[in-house]
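S.K.: If it helps, the file is called data20.txt and holds compact mmCIF, C-alpha atoms and all ligand atoms:
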# COMPACT_ATOMS: atom_id res chain seq x y z
CA MET A 1 -24.17 151.78 176.10
CA SER A 2 -26.62 152.28 178.98
CA PHE A 3 -25.70 150.97 182.39
CA TYR A 4 -27.51 150.96 185.77
CA THR A 5 -26.46 149.54 189.16
CA ALA A 6 -27.83 149.05 192.66
CA SER A 7 -26.74 147.29 195.87
CA ALA A 8 -28.47 145.92 198.92
CA THR A 9 -27.51 144.08 202.07
CA ALA A 10 -29.70 141.62 203.92
CA PRO A 11 -29.06 140.08 207.33
CA VAL A 12 -29.46 136.52 208.60
CA ASN A 13 -32.64 135.75 210.54
CA ILE A 14 -33.02 133.00 213.12
CA ALA A 15 -36.48 131.51 213.58
CA THR A 16 -37.91 131.32 217.08
CA LEU A 17 -41.06 129.65 215.72
CA LYS A 18 -39.89 127.33 213.00
CA TYR A 19 -40.93 127.01 209.37
CA TRP A 20 -40.86 123.30 208.57
CA GLY A 21 -43.06 121.91 205.84
CA LYS A 22 -44.35 123.10 202.48
CA ARG A 23 -47.87 122.85 201.18
CA ASP A 24 -46.63 123.93 197.72
CA LYS A 25 -43.03 123.19 196.78
CA SER A 26 -42.66 125.39 193.72
CA LEU A 27 -44.18 128.48 195.36
CA ASN A 28 -42.53 127.73 198.74
CA LEU A 29 -45.83 127.97 200.57
CA PRO A 30 -45.44 126.82 204.17
CA THR A 31 -47.66 124.54 206.25
CA ASN A 32 -47.40 126.93 209.19
CA SER A 33 -46.68 130.55 209.99
CA SER A 34 -43.30 131.32 211.57
CA ILE A 35 -41.52 134.03 213.56
CA SER A 36 -37.88 135.10 213.55
CA VAL A 37 -35.44 137.59 214.97
CA THR A 38 -33.18 139.33 212.47
CA LEU A 39 -29.53 139.56 213.45
CA SER A 40 -27.35 142.61 213.01
CA GLN A 41 -25.81 143.16 209.60
CA ASP A 42 -22.54 144.07 211.25
CA ASP A 43 -22.25 140.43 212.18
CA LEU A 44 -23.91 138.30 209.51
CA ARG A 45 -25.13 139.61 206.20
CA THR A 46 -25.04 139.22 202.44
CA LEU A 47 -24.11 142.17 200.22
CA THR A 48 -25.37 141.96 196.65
CA SER A 49 -24.65 144.36 193.83
CA VAL A 50 -26.44 144.17 190.51
CA ALA A 51 -25.75 145.82 187.18
CA THR A 52 -27.75 145.80 183.99
CA SER A 53 -26.89 147.02 180.52
CA ASP A 54 -28.37 146.80 177.06
CA GLU A 55 -25.03 145.29 176.01
CA TYR A 56 -24.94 142.37 178.47
CA LYS A 57 -25.39 139.06 176.67
CA GLU A 58 -26.44 136.81 179.55
CA ASP A 59 -27.42 136.79 183.22
CA ILE A 60 -24.32 136.09 185.34
CA LEU A 61 -23.90 135.53 189.10
CA TRP A 62 -20.67 135.61 191.12
CA LEU A 63 -21.11 134.17 194.60
CA ASN A 64 -18.25 134.87 197.02
CA GLY A 65 -15.94 135.47 194.08
CA LYS A 66 -16.89 132.37 192.08
CA PRO A 67 -19.14 132.22 189.03
CA GLU A 68 -22.36 130.32 189.83
CA SER A 69 -25.11 128.92 187.73
CA LEU A 70 -28.18 131.08 187.40
CA THR A 71 -30.25 128.19 186.18
CA SER A 72 -31.90 127.09 189.43
CA GLU A 73 -35.68 127.17 189.24
CA ARG A 74 -35.81 129.25 192.42
CA THR A 75 -33.53 131.97 191.13
CA LYS A 76 -35.30 131.97 187.78
CA ALA A 77 -38.66 132.38 189.54
CA CYS A 78 -37.37 135.42 191.47
CA LEU A 79 -35.88 137.07 188.37
CA ALA A 80 -39.07 136.42 186.36
CA ASP A 81 -41.28 138.01 189.04
CA LEU A 82 -39.04 141.07 189.37
CA ARG A 83 -38.87 141.54 185.59
CA LYS A 84 -42.65 141.18 185.36
CA LEU A 85 -43.19 144.00 187.87
CA ARG A 86 -40.66 146.17 186.03
CA ALA A 87 -42.33 145.40 182.68
CA GLU A 88 -45.66 146.57 184.15
CA MET A 89 -44.04 149.91 185.06
CA GLU A 90 -42.51 150.21 181.61
CA GLY A 91 -45.93 149.44 180.11
CA THR A 92 -47.51 152.40 181.85
CA ASP A 93 -44.55 154.76 181.30
CA PRO A 94 -42.89 154.26 177.89
CA SER A 95 -40.20 156.82 178.72
CA LEU A 96 -38.60 154.35 181.17
CA PRO A 97 -35.56 152.37 180.00
CA GLN A 98 -36.56 148.79 179.18
CA LEU A 99 -34.56 147.21 182.03
CA SER A 100 -36.99 144.30 182.17
CA LYS A 101 -35.54 143.06 178.88
CA TRP A 102 -31.84 143.52 179.72
CA LYS A 103 -29.51 140.90 181.23
CA LEU A 104 -28.21 141.16 184.79
CA HIS A 105 -24.73 140.79 186.28
CA ILE A 106 -24.94 139.98 189.96
CA VAL A 107 -22.16 139.91 192.57
CA SER A 108 -23.01 138.53 196.00
CA GLU A 109 -20.81 138.18 199.09
CA ASN A 110 -21.35 136.98 202.62
CA ASN A 111 -19.38 138.52 205.48
CA PHE A 112 -19.40 135.09 207.17
CA PRO A 113 -18.14 131.75 205.87
CA THR A 114 -20.85 130.08 203.76
CA ALA A 115 -19.88 126.80 205.37
CA ALA A 116 -20.31 128.15 208.91
CA GLY A 117 -23.42 126.06 209.27
CA LEU A 118 -25.56 129.17 209.45
CA ALA A 119 -28.43 129.72 207.07
CA SER A 120 -26.99 131.73 204.22
CA SER A 121 -29.78 131.16 201.70
CA ALA A 122 -32.15 133.46 203.58
CA ALA A 123 -29.81 136.46 203.51
CA GLY A 124 -28.67 135.54 199.99
CA PHE A 125 -32.08 135.53 198.35
CA ALA A 126 -33.26 138.52 200.39
CA ALA A 127 -30.28 140.62 199.24
CA LEU A 128 -30.64 139.46 195.63
CA VAL A 129 -34.32 140.33 195.43
CA VAL A 130 -34.00 143.68 197.23
CA ALA A 131 -31.01 144.73 195.08
CA ILE A 132 -32.91 144.05 191.85
CA ALA A 133 -36.09 145.66 193.21
CA LYS A 134 -33.97 148.79 193.87
CA LEU A 135 -32.36 148.62 190.43
CA PHE A 136 -35.82 148.43 188.85
CA LYS A 137 -37.14 151.15 191.21
CA LEU A 138 -40.14 148.98 192.02
CA PRO A 139 -42.76 150.84 194.07
CA GLN A 140 -43.95 147.76 196.01
CA ASP A 141 -43.48 147.68 199.79
CA MET A 142 -41.24 145.15 201.58
CA SER A 143 -44.10 142.74 202.35
CA GLU A 144 -44.93 142.60 198.64
CA ILE A 145 -41.28 142.09 197.72
CA SER A 146 -41.01 139.41 200.44
CA LYS A 147 -43.34 137.19 198.39
CA ILE A 148 -40.70 137.12 195.66
CA ALA A 149 -37.86 136.40 198.11
CA ARG A 150 -40.02 133.58 199.54
CA LYS A 151 -39.91 131.81 196.18
CA GLY A 152 -36.10 131.84 196.37
CA SER A 153 -36.00 130.36 199.85
CA GLY A 154 -38.89 130.30 202.28
CA SER A 155 -37.02 131.80 205.20
CA ALA A 156 -35.60 134.56 202.96
CA CYS A 157 -38.88 136.47 203.10
CA ARG A 158 -38.26 137.17 206.80
CA SER A 159 -34.84 138.77 206.13
CA LEU A 160 -36.49 141.78 204.46
CA PHE A 161 -37.30 143.26 207.86
CA GLY A 162 -35.21 144.01 210.92
CA GLY A 163 -36.20 143.20 214.48
CA TYR A 164 -39.04 140.73 215.03
CA VAL A 165 -40.70 139.33 211.95
CA ALA A 166 -43.63 137.05 211.18
CA TRP A 167 -44.10 135.06 208.00
CA GLU A 168 -47.83 134.66 207.65
CA MET A 169 -48.50 131.36 205.92
CA GLY A 170 -51.61 132.66 204.12
CA ASP A 171 -54.28 130.38 202.74
CA LEU A 172 -54.51 131.25 199.05
CA GLU A 173 -53.32 128.67 196.54
CA ASN A 174 -51.37 131.25 194.54
CA GLY A 175 -49.40 132.42 197.59
CA GLU A 176 -50.44 136.06 197.27
CA ASP A 177 -51.09 136.25 201.04
CA SER A 178 -47.97 134.31 202.15
CA LYS A 179 -45.66 137.14 203.14
CA ALA A 180 -43.44 138.61 205.84
CA VAL A 181 -44.67 141.37 208.16
CA GLU A 182 -42.99 143.26 210.97
CA VAL A 183 -44.01 142.20 214.48
CA ALA A 184 -41.89 144.85 216.21
CA PRO A 185 -38.82 146.91 215.31
CA VAL A 186 -35.55 146.17 217.09
CA SER A 187 -35.89 149.45 219.01
CA HIS A 188 -38.95 147.98 220.73
CA TRP A 189 -36.79 145.52 222.73
CA PRO A 190 -33.24 146.89 222.71
CA THR A 191 -31.92 144.62 225.48
CA MET A 192 -32.40 141.44 223.40
CA LYS A 193 -29.13 139.74 222.45
CA ALA A 194 -28.12 136.55 220.70
CA ALA A 195 -25.05 134.33 220.97
CA ILE A 196 -24.20 131.85 218.25
CA LEU A 197 -22.40 128.66 219.23
CA VAL A 198 -20.85 127.06 216.20
CA VAL A 199 -20.82 123.39 217.16
CA SER A 200 -19.89 122.24 213.68
CA ASP A 201 -19.31 123.95 210.39
CA ASP A 202 -19.82 120.77 208.37
CA LYS A 203 -22.37 120.87 205.61
CA LYS A 204 -25.69 119.75 207.02
CA ASP A 205 -26.77 116.16 206.86
CA THR A 206 -30.21 116.49 205.32
CA PRO A 207 -30.95 119.59 203.24
CA SER A 208 -33.94 121.52 204.58
CA THR A 209 -36.05 121.19 201.46
CA SER A 210 -35.85 117.39 201.24
CA GLY A 211 -36.06 117.06 205.03
CA MET A 212 -39.32 118.99 205.05
CA GLN A 213 -40.75 116.80 202.30
CA THR A 214 -39.91 113.65 204.28
CA THR A 215 -41.50 115.08 207.42
CA VAL A 216 -44.70 116.16 205.67
CA ALA A 217 -45.02 112.78 203.99
CA THR A 218 -44.28 110.53 206.96
CA SER A 219 -44.63 112.15 210.41
CA ASP A 220 -47.86 111.78 212.40
CA LEU A 221 -46.54 114.16 215.01
CA PHE A 222 -46.21 116.80 212.30
CA GLU A 223 -49.99 116.87 211.81
CA HIS A 224 -50.40 117.54 215.51
CA ARG A 225 -47.75 120.28 215.41
CA ILE A 226 -49.24 122.28 212.57
CA LYS A 227 -52.89 121.87 213.64
CA ASN A 228 -52.81 121.94 217.42
CA VAL A 229 -49.55 123.56 218.47
CA VAL A 230 -48.25 126.24 216.11
CA PRO A 231 -51.38 128.36 215.52
CA ALA A 232 -51.75 129.22 219.23
CA ARG A 233 -47.98 129.50 219.70
CA PHE A 234 -47.78 132.01 216.83
CA GLU A 235 -50.20 134.35 218.61
CA GLU A 236 -48.61 133.80 222.05
CA MET A 237 -45.12 134.49 220.74
CA LYS A 238 -46.17 137.71 219.02
CA LYS A 239 -47.80 138.82 222.29
CA SER A 240 -44.65 137.97 224.29
CA ILE A 241 -42.65 140.18 221.90
CA HIS A 242 -45.15 143.03 222.18
CA ASP A 243 -45.09 142.64 225.99
CA LYS A 244 -41.27 142.24 226.06
CA ASN A 245 -41.86 139.23 228.27
CA PHE A 246 -38.61 137.25 228.05
CA GLU A 247 -39.85 134.38 230.22
CA VAL A 248 -42.74 133.66 227.87
CA PHE A 249 -40.75 134.40 224.71
CA GLY A 250 -37.85 132.22 225.87
CA LYS A 251 -40.03 129.30 226.90
CA LEU A 252 -41.96 129.32 223.60
CA THR A 253 -38.70 129.59 221.65
CA MET A 254 -37.20 126.54 223.39
CA GLN A 255 -40.44 124.57 223.12
CA ASP A 256 -40.70 125.28 219.43
CA SER A 257 -37.10 124.27 218.76
CA ASN A 258 -37.79 121.02 220.60
CA SER A 259 -41.06 120.48 218.70
CA PHE A 260 -39.31 121.01 215.36
CA HIS A 261 -36.56 118.51 216.22
CA ALA A 262 -39.18 116.08 217.52
CA VAL A 263 -40.98 116.04 214.16
CA CYS A 264 -37.61 115.53 212.49
CA LEU A 265 -37.04 112.48 214.68
CA ASP A 266 -40.59 111.31 213.97
CA SER A 267 -39.94 111.42 210.22
CA TYR A 268 -39.25 108.17 208.44
CA PRO A 269 -36.38 107.71 207.96
CA PRO A 270 -35.59 109.96 210.93
CA ILE A 271 -33.72 113.22 210.49
CA PHE A 272 -31.07 114.09 213.08
CA TYR A 273 -29.77 117.62 213.35
CA LEU A 274 -28.86 117.81 217.04
CA THR A 275 -25.58 116.28 218.18
CA ASP A 276 -24.51 115.28 221.68
CA THR A 277 -22.90 118.70 222.01
CA SER A 278 -26.17 120.38 221.01
CA LYS A 279 -27.96 118.37 223.69
CA LYS A 280 -25.39 119.42 226.29
CA ILE A 281 -26.09 123.04 225.41
CA ILE A 282 -29.81 122.41 225.92
CA LYS A 283 -29.17 120.87 229.34
CA LEU A 284 -26.86 123.68 230.34
CA VAL A 285 -29.43 126.36 229.49
CA HIS A 286 -32.08 124.54 231.50
CA GLN A 287 -29.66 124.19 234.45
CA LEU A 288 -28.95 127.90 234.29
CA ASN A 289 -32.63 128.81 234.18
CA ASP A 290 -33.43 126.40 237.02
CA ALA A 291 -30.65 127.87 239.16
CA GLU A 292 -31.97 131.39 238.49
CA GLY A 293 -35.55 130.34 239.21
CA LYS A 294 -36.64 131.96 235.94
CA ILE A 295 -35.89 131.85 232.24
CA ILE A 296 -32.98 134.14 231.42
CA ALA A 297 -31.63 132.25 228.38
CA ALA A 298 -33.35 130.43 225.52
CA TYR A 299 -31.78 128.11 222.95
CA THR A 300 -32.92 127.41 219.43
CA PHE A 301 -31.46 125.07 216.79
CA ASP A 302 -32.17 125.08 213.07
CA ALA A 303 -31.44 122.34 210.54
CA GLY A 304 -28.02 121.70 212.06
CA PRO A 305 -26.24 121.31 215.41
CA ASN A 306 -25.35 124.99 216.01
CA ALA A 307 -27.09 126.82 218.83
CA VAL A 308 -28.41 130.33 218.99
CA ILE A 309 -28.96 131.51 222.56
CA TYR A 310 -31.22 134.47 223.14
CA TYR A 311 -30.86 136.44 226.37
CA GLU A 312 -31.24 139.98 227.65
CA GLN A 313 -28.25 142.30 227.96
CA GLN A 314 -28.41 142.46 231.76
CA ASN A 315 -27.85 138.69 231.95
CA GLU A 316 -24.97 138.56 229.48
CA SER A 317 -22.21 137.83 231.97
CA LYS A 318 -24.25 135.04 233.62
CA VAL A 319 -25.19 133.38 230.33
CA LEU A 320 -21.88 133.71 228.50
CA GLY A 321 -19.86 133.13 231.67
CA LEU A 322 -21.51 129.77 232.21
CA ILE A 323 -21.10 128.76 228.57
CA HIS A 324 -17.41 129.66 228.58
CA LYS A 325 -16.88 127.81 231.86
CA HIS A 326 -18.47 124.64 230.52
CA PHE A 327 -16.55 124.64 227.28
CA SER A 328 -13.58 123.41 229.21
CA LEU A 329 -15.38 121.22 231.75
CA ILE A 330 -17.83 119.02 229.89
CA PRO A 331 -16.54 116.20 227.69
CA GLY A 332 -17.52 116.97 224.12
CA TRP A 333 -17.24 120.71 224.49
CA ASP A 334 -13.72 120.45 223.16
CA LYS A 335 -15.36 120.08 219.77
CA VAL A 336 -16.70 123.58 220.13
CA ASP A 337 -14.36 126.28 218.96
CA THR A 338 -14.73 128.98 221.59
CA SER A 339 -13.31 131.57 219.25
CA LYS A 340 -16.49 131.14 217.27
CA LEU A 341 -18.72 131.97 220.21
CA GLU A 342 -20.07 135.21 218.95
CA THR A 343 -22.46 137.62 220.45
CA VAL A 344 -24.37 139.46 217.85
CA ASP A 345 -26.69 142.37 218.04
CA ILE A 346 -30.19 142.25 216.75
CA ALA A 347 -30.55 144.19 213.50
CA ALA A 348 -31.04 147.90 213.84
CA ASP A 349 -33.98 149.02 211.71
CA GLU A 350 -32.13 151.84 210.09
CA ASN A 351 -29.40 149.51 208.87
CA ILE A 352 -31.61 147.26 206.83
CA HIS A 353 -31.13 147.29 203.08
CA LYS A 354 -28.82 150.24 202.89
CA GLY A 355 -27.04 149.74 199.61
C1 LIG B 401 -36.74 128.41 209.68
N1 LIG B 401 -35.52 126.50 208.62
O1 LIG B 401 -37.88 128.79 210.00
C2 LIG B 401 -36.54 126.90 209.53
C3 LIG B 401 -36.18 126.26 210.83
C4 LIG B 401 -34.69 125.46 209.15
C5 LIG B 401 -35.28 125.11 210.46
O2 LIG B 401 -36.26 127.82 206.99
O3 LIG B 401 -36.68 125.06 200.99
O4 LIG B 401 -33.75 127.23 203.55
O5 LIG B 401 -35.46 127.23 200.82
O6 LIG B 401 -37.81 127.16 201.66
O7 LIG B 401 -35.90 128.38 204.20
C6 LIG B 401 -34.56 126.37 206.39
O8 LIG B 401 -35.26 126.17 205.20
O9 LIG B 401 -35.96 126.19 203.01
C7 LIG B 401 -35.52 126.93 207.35
P1 LIG B 401 -36.50 126.44 201.55
P2 LIG B 401 -35.16 127.13 203.95
O10 LIG B 401 -35.78 129.21 209.55
Before anything else, please render the file you have as structure tokens.
M.R.:
Amino acid sequence: MSFYTASATAPVNIATLKYWGKRDKSLNLPTNSSISVTLSQDDLRTLTSVATSDEYKEDILWLNGKPESLTSERTKACLADLRKLRAEMEGTDPSLPQLSKWKLHIVSENNFPTAAGLASSAAGFAALVVAIAKLFKLPQDMSEISKIARKGSGSACRSLFGGYVAWEMGDLENGEDSKAVEVAPVSHWPTMKAAILVVSDDKKDTPSTSGMQTTVATSDLFEHRIKNVVPARFEEMKKSIHDKNFEVFGKLTMQDSNSFHAVCLDSYPPIFYLTDTSKKIIKLVHQLNDAEGKIIAAYTFDAGPNAVIYYEQQNESKVLGLIHKHFSLIPGWDKVDTSKLETVDIAADENIHKG
């Protein structure tokens, strides 16, 4: 019996310029480019181990200790692409073991509750694809591999890099140019921090994939967003990261979160992700920034009510102090579990994908 194994971890990423809308559903090709910040793996990450053997009879996945179906089209697309690249290697070097033909056993675990309302699919598909790419010893770079992770879940492609990451939408129909690239490593802006406010850990109302389809099909505002707003914002946000300009970065981040939730509201039927508590967090951050006379904190919300607040280390006590104070003062904050207010570091480059 021959037996090979590999492991990889992948962190969660939080978009500061949101991906919302597909131009091709099966290839997960987006209608706009996006930008994210990758969080530290010490805080939120998926660990995936894979094994392959000529004696395995079927592909099997265990997710957080439970057997899961490996029949989803997305997972199948990722496995097929990875096996195709391995088969190409085996074609040019017949001495290699024929791993492309063997079945896989996959074990995947999150170090955070799957139901925490935080995107787990991004880290999950990123770890799965990187672990198998390692097992197969694929020579492709991370941007190339990110195209495979993208087919699993769009946002997963961004979790293959640490620090600040762009997903370039590309314009080819086959998706060959729709990939993740590094904007800057975490070491470029070491004072950047993020706090996650878990407003609710309920399963989200409208799944992202169907929500996006509704928005693309029905929202007029969406057309405006992807044509007139995001292209310029994409360039401005990258520049703000290169310049380490928190005021610009923070303002663009908040504006883009608001724009994304506006197109959700403009969808028909409307999609609501923000709750009253989310809106109170938005107001609080603006009050704080107004009182400071400059932007020192920036909120962003994904397809759910939980907030991620970006700030710089030197402002931590001001930002977190105010949030803690208001938990007890504002009606509605009692729904927020303060024990879940976490500060997380931004991913350190050297930690990414260590198996
Ligand atoms: C993002 N979100 O850029 C945006 C912001 C949610 C709001 O990517 O269908 O799970 O798997 O490609 O990546 C969530 O959608 O969707 C998402 P699929 P995905 O992070």
S.K.: For ligand LIG 401 (chain B), which residue out of A:Val12, A:Leu138, A:Ala127, A:Met1 is the nearest one, using only C-alpha atoms and all ligand atoms?
M.R.: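 Selected residue with least distance to ligand LIG 401 (chain B): A:Val12.
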S.K.: Go through chain A and flag each residue having an atom no more than 7 Å from ligand LIG 401 (chain B); for those, report the closest pair of atoms plus their distance in Å to one decimal, using all atoms listed in the file, ordered by chain and rising number, as JSON lines.
M.R.:
{"residue": "A:Ile14", "atom": "CA", "partner": "B:LIG401", "partner_atom": "O10", "distance": 5.9}
{"residue": "A:Ala15", "atom": "CA", "partner": "B:LIG401", "partner_atom": "O10", "distance": 4.7}
{"residue": "A:Leu17", "atom": "CA", "partner": "B:LIG401", "partner_atom": "O1", "distance": 6.6}
{"residue": "A:Lys18", "atom": "CA", "partner": "B:LIG401", "partner_atom": "O1", "distance": 3.9}
{"residue": "A:Tyr19", "atom": "CA", "partner": "B:LIG401", "partner_atom": "O1", "distance": 3.6}
{"residue": "A:Trp20", "atom": "CA", "partner": "B:LIG401", "partner_atom": "C2", "distance": 5.7}
{"residue": "A:Asn28", "atom": "CA", "partner": "B:LIG401", "partner_atom": "O6", "distance": 5.6}
{"residue": "A:Ser34", "atom": "CA", "partner": "B:LIG401", "partner_atom": "O1", "distance": 6.2}
{"residue": "A:Ala119", "atom": "CA", "partner": "B:LIG401", "partner_atom": "O4", "distance": 6.8}
{"residue": "A:Ser121", "atom": "CA", "partner": "B:LIG401", "partner_atom": "O4", "distance": 5.9}
{"residue": "A:Ala122", "atom": "CA", "partner": "B:LIG401", "partner_atom": "O7", "distance": 6.3}
{"residue": "A:Gly152", "atom": "CA", "partner": "B:LIG401", "partner_atom": "O5", "distance": 6.4}
{"residue": "A:Ser153", "atom": "CA", "partner": "B:LIG401", "partner_atom": "O5", "distance": 3.3}
{"residue": "A:Gly154", "atom": "CA", "partner": "B:LIG401", "partner_atom": "O6", "distance": 3.4}
{"residue": "A:Ser155", "atom": "CA", "partner": "B:LIG401", "partner_atom": "O7", "distance": 3.7}
{"residue": "A:Ala156", "atom": "CA", "partner": "B:LIG401", "partner_atom": "O7", "distance": 6.3}
{"residue": "A:Ser208", "atom": "CA", "partner": "B:LIG401", "partner_atom": "O8", "distance": 4.9}
{"residue": "A:Thr209", "atom": "CA", "partner": "B:LIG401", "partner_atom": "O3", "distance": 3.9}
{"residue": "A:Asp302", "atom": "CA", "partner": "B:LIG401", "partner_atom": "C5", "distance": 4.1}
{"residue": "A:Ala303", "atom": "CA", "partner": "B:LIG401", "partner_atom": "C4", "distance": 4.7}
S.K.: Which value, in Å to one decimal, gives the distance between atom CA of Thr214 of chain A and atom CA of Pro30 of chain A?
M.R.: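 Pair atom CA of Thr214 of chain A / atom CA of Pro30 of chain A returns 14.3 Å.
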S.K.: Could you tell me how far atom CA of Leu85 of chain A lies from atom CA of Val37 of chain A, in Å and to one decimal?
M.R.: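 According to the coordinates, atom CA of Leu85 of chain A and atom CA of Val37 of chain A are separated by 28.9 Å.
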S.K.: Find the residue from A:Thr46, A:Asn174, A:Ser219, A:Ser159 that sits nearest to Gly21 of chain A; use all atoms listed in the file when measuring.
M.R.: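 Between A:Thr46, A:Asn174, A:Ser219, A:Ser159, the residue approaching Gly21 of chain A most closely is A:Ser219.
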S.K.: Kindly indicate which residue among A:Tyr4, A:Phe112, A:Phe222, A:Tyr310 lies nearest to Arg45 of chain A, using all atoms listed in the file for the distances.
M.R.: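 Of all the options, A:Phe112 lies closest to Arg45 of chain A.
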S.K.: Which value, in Å to one decimal, gives the distance between atom CA of Lys151 of chain A and atom CA of Gln213 of chain A?
M.R.: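 So the two atoms, atom CA of Lys151 of chain A and atom CA of Gln213 of chain A, lie 16.2 Å apart.
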S.K.: Which neighbours of Leu322 of chain A fall inside 9 Å, counting only C-alpha atoms, when residues of the same chain fewer than 4 positions from it are skipped, and could you give them as a ChimeraX atom specification?
M.R.: /A:284,288,317-318,326-327
S.K.: Select, from A:Pro11, A:Pro97, A:Pro207, A:Gly124, the residue with the minimum atom-to-atom distance to Ser49 of chain A, counting all atoms listed in the file.
M.R.: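 Closest to Ser49 of chain A of all the choices is A:Gly124.
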S.K.: List the neighbours of Glu235 of chain A out to 12 Å using only C-alpha atoms; skip same-chain residues closer than 4 positions along the sequence, and give me the result as a PDB file with C-alpha atoms, keeping the file's coordinate frame.
M.R.:
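Ended up saving to selection_19.pdb:
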ATOM      1  CA  LEU A  17     -41.060 129.650 215.720  1.00  0.00           C
ATOM      2  CA  SER A  33     -46.680 130.550 209.990  1.00  0.00           C
ATOM      3  CA  SER A  34     -43.300 131.320 211.570  1.00  0.00           C
ATOM      4  CA  ILE A  35     -41.520 134.030 213.560  1.00  0.00           C
ATOM      5  CA  ALA A 166     -43.630 137.050 211.180  1.00  0.00           C
ATOM      6  CA  GLU A 168     -47.830 134.660 207.650  1.00  0.00           C
ATOM      7  CA  VAL A 183     -44.010 142.200 214.480  1.00  0.00           C
ATOM      8  CA  VAL A 229     -49.550 123.560 218.470  1.00  0.00           C
ATOM      9  CA  VAL A 230     -48.250 126.240 216.110  1.00  0.00           C
ATOM     10  CA  PRO A 231     -51.380 128.360 215.520  1.00  0.00           C
ATOM     11  CA  LYS A 239     -47.800 138.820 222.290  1.00  0.00           C
ATOM     12  CA  SER A 240     -44.650 137.970 224.290  1.00  0.00           C
ATOM     13  CA  ILE A 241     -42.650 140.180 221.900  1.00  0.00           C
ATOM     14  CA  HIS A 242     -45.150 143.030 222.180  1.00  0.00           C
ATOM     15  CA  VAL A 248     -42.740 133.660 227.870  1.00  0.00           C
ATOM     16  CA  PHE A 249     -40.750 134.400 224.710  1.00  0.00           C
ATOM     17  CA  LEU A 252     -41.960 129.320 223.600  1.00  0.00           C
TER      18      LEU A 252
END
S.K.: Counting all atoms listed in the file, which of A:Ser259, A:Ser72, A:Thr300, A:Ser7 gets nearest to Ser26 of chain A?
M.R.: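 Smallest separation from Ser26 of chain A among the options: A:Ser72.
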